[in-house]
Amino acid sequence: MEILLLNALANGILLGGVLALLAFGLNLIFGVVKVIHMAYGQCVMLGMYLIYTLRSIYEVPLLAASAVAVAAMAIWGALLHLLVIRPLLGVERLNQLLALAGLIIVFENLAHVIWGADLRGVRVDLPVVSLGNLFLKTSNLLAFLGALAVLGILYFVLQRTYVGLAIRAIAQDTECARLMGIDPGRIYLLTLTIGGALTGLIAAFFSPIYSVHPHFGGSFTLMAFIIVVLGGMGNLAGGFLGAFIIGVVTSVAAVFTSTEVAEILALVIFILVVLVRPQGLLGARGAR
Amino acid sequence: MLEVQGIDVFYGEFQALFNMSLEVREQETVITVGPNGAGKSTLLRAISGLLPCRNGSIRFLGQAVHNLQAHRIVELGIAHVPEGGRVFPHLTVLENLKIGSYIRKARGAADRNLGEIYQLFPRLAERRLQLADTLSGGERQMLAIARSLMSGPRLILLDEPSSGLAPLVVGMLFDFISRIKSQGYSILMVEQNVRKALELSDRAYLLESGRVRLQGTREEFSQESYIRQAYLGL
């Protein structure tokens, strides 16, 4: 029993790492550009299909396919900004939301047309790492370590570089940031490009773990939104905390009940937290 | 150095400035006074590119700037300190100053400027790792002014620097502004505290309902009976 719990806990933490990356991307885009990227999980799904296609059909090595996916999804993010988000920057929030939610339908059906409804997976044979009674899949461990490394790099960029400072300044006061000589248009494009690259990266981390299907993104978009709101919209540290809470809760609950009940439990926790603290665990005071 | 000629500025359909003209010369401190809603802040926002001009022109160091975006105008040497010490609340004091030197040509001199600013404002050096959020109103205003110096400007636009500050702090703030003035910066200041602002100024403009009502040197301005009655309480 304890061994089971221990393993569920460990796997929850590993999952939390990747979810933290997903929440980071959403938070960054919301904090800086002030739009809610409804189709974020669907971008991950497209990235996974891209890796699948490169790997299974063109027999590109997984690492190279992953690198291509990161670059392609970065460009995808930039295009999304130029074609969909930028034209809608000045309009009502509801219209932005509708346009971005519309992308969910577009992306999912695009995947349907190109790859069909079957599950597509990249087969990888990796050993299981065992530490005493703890058994961890290498792919999960790699995804976790990779996600933490990327979060570390992003944190460093945000804290220590002029570009990072400009991103944080824009998130706090766009007009004042313009008076510092910061061009919001450039920072917005950069933010969506980084956000896009992150979806490619998450796709790379997920590919050896999950098989992809056209609706794969949906559950992760929902999960990501729960995490982001749980932590506090736009609060990067809150997203980090929320990711691990949701990761651990769902994975522990899944062991003792079922995956479906685990998702219900995650939603219950979410509703309770938002009832008590509508601003989220770490408050909604803008991206730091 | 700055020539504003006949600009009309609108907020949507509402016209805030009518055929406004104003000039700031090299190393000069110019103040604009007037009641709320006279268009003082609007004037500064038009100069720094936050608001577009529908007619007229703004020239800075001989170059037309009224069609440029705000971030380009900073690069030419105009720094705008918005009202109420608008610093970035969740950045530290040091980060706020660093973002002041964001424009490319200011980055090389950032460390040197930072040293000078810490000498000028020792309080900011003490608090450099604190979030700007935790500063007092006066400190925040000083930080906002110090931040504007980090871009290496030729002209500084100050929007009501003393608003909302205690009298003692206002005195300190004006000391800082006069120190900045003595370093050779040109200053265009909007201020409610007419008496103190006049002491610092070389020339002054009175704005009412979006138009220039009076203008003159400090001496002319403080002799004007309308100013003495309405703004100096004499």
# chains A, B, ... in the order shown; residues from 1 in each chain; ligands from 1
$ residues_around --residues "stretch 202-214 of chain B" --least-positions-apart "2" --cutoff "8 Å" --atoms "only C-alpha atoms" --output "ChimeraX atom specification"
/B:16-21,28-35,37-40,198,200,216-218,221
$ write_last_selection --atoms "C-alpha atoms" --output "PDB file, in the first residue's frame"
ATOM      1  CA  ALA B  16      -8.579  68.039 -25.389  1.00  0.00           C
ATOM      2  CA  LEU B  17      -6.055  70.421 -26.986  1.00  0.00           C
ATOM      3  CA  PHE B  18      -6.851  73.246 -29.412  1.00  0.00           C
ATOM      4  CA  ASN B  19      -4.152  74.677 -31.669  1.00  0.00           C
ATOM      5  CA  MET B  20      -1.628  74.433 -28.861  1.00  0.00           C
ATOM      6  CA  SER B  21       1.881  75.834 -29.280  1.00  0.00           C
ATOM      7  CA  GLU B  28      15.463  75.464 -19.853  1.00  0.00           C
ATOM      8  CA  THR B  29      12.888  74.537 -17.228  1.00  0.00           C
ATOM      9  CA  VAL B  30       9.370  75.298 -18.403  1.00  0.00           C
ATOM     10  CA  ILE B  31       6.257  74.753 -16.317  1.00  0.00           C
ATOM     11  CA  THR B  32       2.662  74.507 -17.402  1.00  0.00           C
ATOM     12  CA  VAL B  33      -0.026  75.255 -14.856  1.00  0.00           C
ATOM     13  CA  GLY B  34      -3.780  75.372 -15.025  1.00  0.00           C
ATOM     14  CA  PRO B  35      -6.904  73.831 -13.573  1.00  0.00           C
ATOM     15  CA  GLY B  37      -8.873  69.203 -17.302  1.00  0.00           C
ATOM     16  CA  ALA B  38      -6.953  72.065 -18.892  1.00  0.00           C
ATOM     17  CA  GLY B  39      -4.995  69.575 -20.995  1.00  0.00           C
ATOM     18  CA  LYS B  40      -1.661  69.675 -19.177  1.00  0.00           C
ATOM     19  CA  LEU B 198       7.574  78.830 -10.450  1.00  0.00           C
ATOM     20  CA  LEU B 200      12.363  76.468 -10.323  1.00  0.00           C
ATOM     21  CA  GLY B 216       5.983  84.399 -20.139  1.00  0.00           C
ATOM     22  CA  THR B 217       9.211  84.315 -18.218  1.00  0.00           C
ATOM     23  CA  ARG B 218       9.099  83.506 -14.510  1.00  0.00           C
ATOM     24  CA  PHE B 221       4.357  85.318 -14.990  1.00  0.00           C
TER      25      PHE B 221
END
$ interface_residues --of "chain A" --to "chain B" --cutoff "6 Å" --atoms "only C-alpha atoms" --output "MDAnalysis selection string"
chainID A and resid 178 180:183
$ write_last_selection --atoms "N, CA and C atoms" --output "compact mmCIF listing (two decimals), in the first residue's frame"
# COMPACT_ATOMS: atom_id res chain seq x y z
N ARG A 178 6.02 51.42 -22.58
CA ARG A 178 6.28 52.11 -23.84
C ARG A 178 7.16 53.33 -23.60
N MET A 180 9.45 53.55 -21.58
CA MET A 180 10.83 53.09 -21.35
C MET A 180 11.52 52.75 -22.67
N GLY A 181 10.79 52.89 -23.77
CA GLY A 181 11.37 52.55 -25.07
C GLY A 181 11.09 51.12 -25.49
N ILE A 182 10.18 50.45 -24.78
CA ILE A 182 9.85 49.06 -25.12
C ILE A 182 8.75 49.06 -26.17
N ASP A 183 8.95 48.28 -27.24
CA ASP A 183 7.96 48.18 -28.30
C ASP A 183 7.04 47.00 -27.98
$ closest_residue --among "A:Leu88, A:Leu82, A:Ile187, A:Ala204" --to "A:Ala169" --atoms "only C-alpha atoms"
A:Ile187
$ residues_around --residues "stretch 219-232 of chain A" --least-positions-apart "5" --cutoff "8 Å" --atoms "only C-alpha atoms" --output "ChimeraX atom specification"
/A:19,22-23,26-27,38-42,237-243,246,267,270,273-274,279-284
$ select_by_dssp --residues "stretch 1-224 of chain B" --states "helix (DSSP H, G or I)" --output "ChimeraX atom specification"
/B:40-47,70-76,93-100,104-107,110-120,122-126,132-134,137-149,167-182,194-200,218-223
$ atom_distance --atom1 "atom CA of A:Leu6" --atom2 "atom CA of A:Ala143"
19.2 Å
$ residues_around --residues "A:Val32" --least-positions-apart "6" --cutoff "10 Å" --atoms "only C-alpha atoms" --output "compact mmCIF listing (two decimals) with N, CA and C atoms, in the first residue's frame"
# COMPACT_ATOMS: atom_id res chain seq x y z
N ALA A 166 11.83 43.49 -19.86
CA ALA A 166 10.81 44.15 -20.68
C ALA A 166 9.51 43.35 -20.66
N ILE A 167 9.61 42.02 -20.70
CA ILE A 167 8.42 41.17 -20.66
C ILE A 167 7.68 41.39 -19.34
N ARG A 168 8.42 41.44 -18.23
CA ARG A 168 7.77 41.63 -16.93
C ARG A 168 7.19 43.04 -16.81
N ALA A 169 7.91 44.02 -17.35
CA ALA A 169 7.43 45.40 -17.27
C ALA A 169 6.12 45.55 -18.04
N ILE A 170 6.07 44.99 -19.25
CA ILE A 170 4.86 45.07 -20.08
C ILE A 170 3.69 44.42 -19.36
N ALA A 171 3.96 43.29 -18.68
CA ALA A 171 2.89 42.59 -17.98
C ALA A 171 2.31 43.46 -16.87
N GLN A 172 3.14 44.35 -16.29
CA GLN A 172 2.67 45.15 -15.16
C GLN A 172 2.04 46.47 -15.59
N ASP A 173 2.56 47.11 -16.61
CA ASP A 173 2.03 48.42 -17.02
C ASP A 173 2.50 48.70 -18.45
N THR A 174 1.63 48.37 -19.40
CA THR A 174 2.02 48.44 -20.81
C THR A 174 2.38 49.87 -21.22
N PRO A 184 5.79 47.26 -27.56
CA PRO A 184 4.92 46.15 -27.15
C PRO A 184 4.72 45.13 -28.27
N ILE A 187 7.47 42.63 -28.23
CA ILE A 187 7.45 41.74 -27.05
C ILE A 187 6.29 40.76 -27.17
N TYR A 188 5.15 41.20 -27.72
CA TYR A 188 4.01 40.29 -27.91
C TYR A 188 4.39 39.15 -28.84
N THR A 191 6.69 36.82 -27.15
CA THR A 191 5.99 36.01 -26.14
C THR A 191 5.26 34.84 -26.79
N LEU A 192 4.56 35.12 -27.89
CA LEU A 192 3.83 34.03 -28.57
C LEU A 192 4.79 33.04 -29.20
N GLY A 234 -1.92 34.64 -14.39
CA GLY A 234 -0.78 35.51 -14.68
C GLY A 234 0.34 35.41 -13.66
N GLY A 286 -0.65 40.07 -11.31
CA GLY A 286 0.16 40.31 -12.50
C GLY A 286 1.39 39.43 -12.51
N ALA A 287 1.90 39.15 -13.70
CA ALA A 287 3.06 38.27 -13.83
C ALA A 287 4.28 38.93 -13.20
$ residues_around --residues "A:Ala197" --least-positions-apart "4" --cutoff "6 Å" --atoms "only C-alpha atoms" --output "ChimeraX atom specification"
/A:70,73-74
$ write_last_selection --atoms "C-alpha atoms" --output "PDB file, in the first residue's frame"
ATOM      1  CA  VAL A  70      10.139  22.958 -31.146  1.00  0.00           C
ATOM      2  CA  MET A  73       5.745  25.214 -33.106  1.00  0.00           C
ATOM      3  CA  ALA A  74       7.658  28.431 -32.333  1.00  0.00           C
TER       4      ALA A  74
END
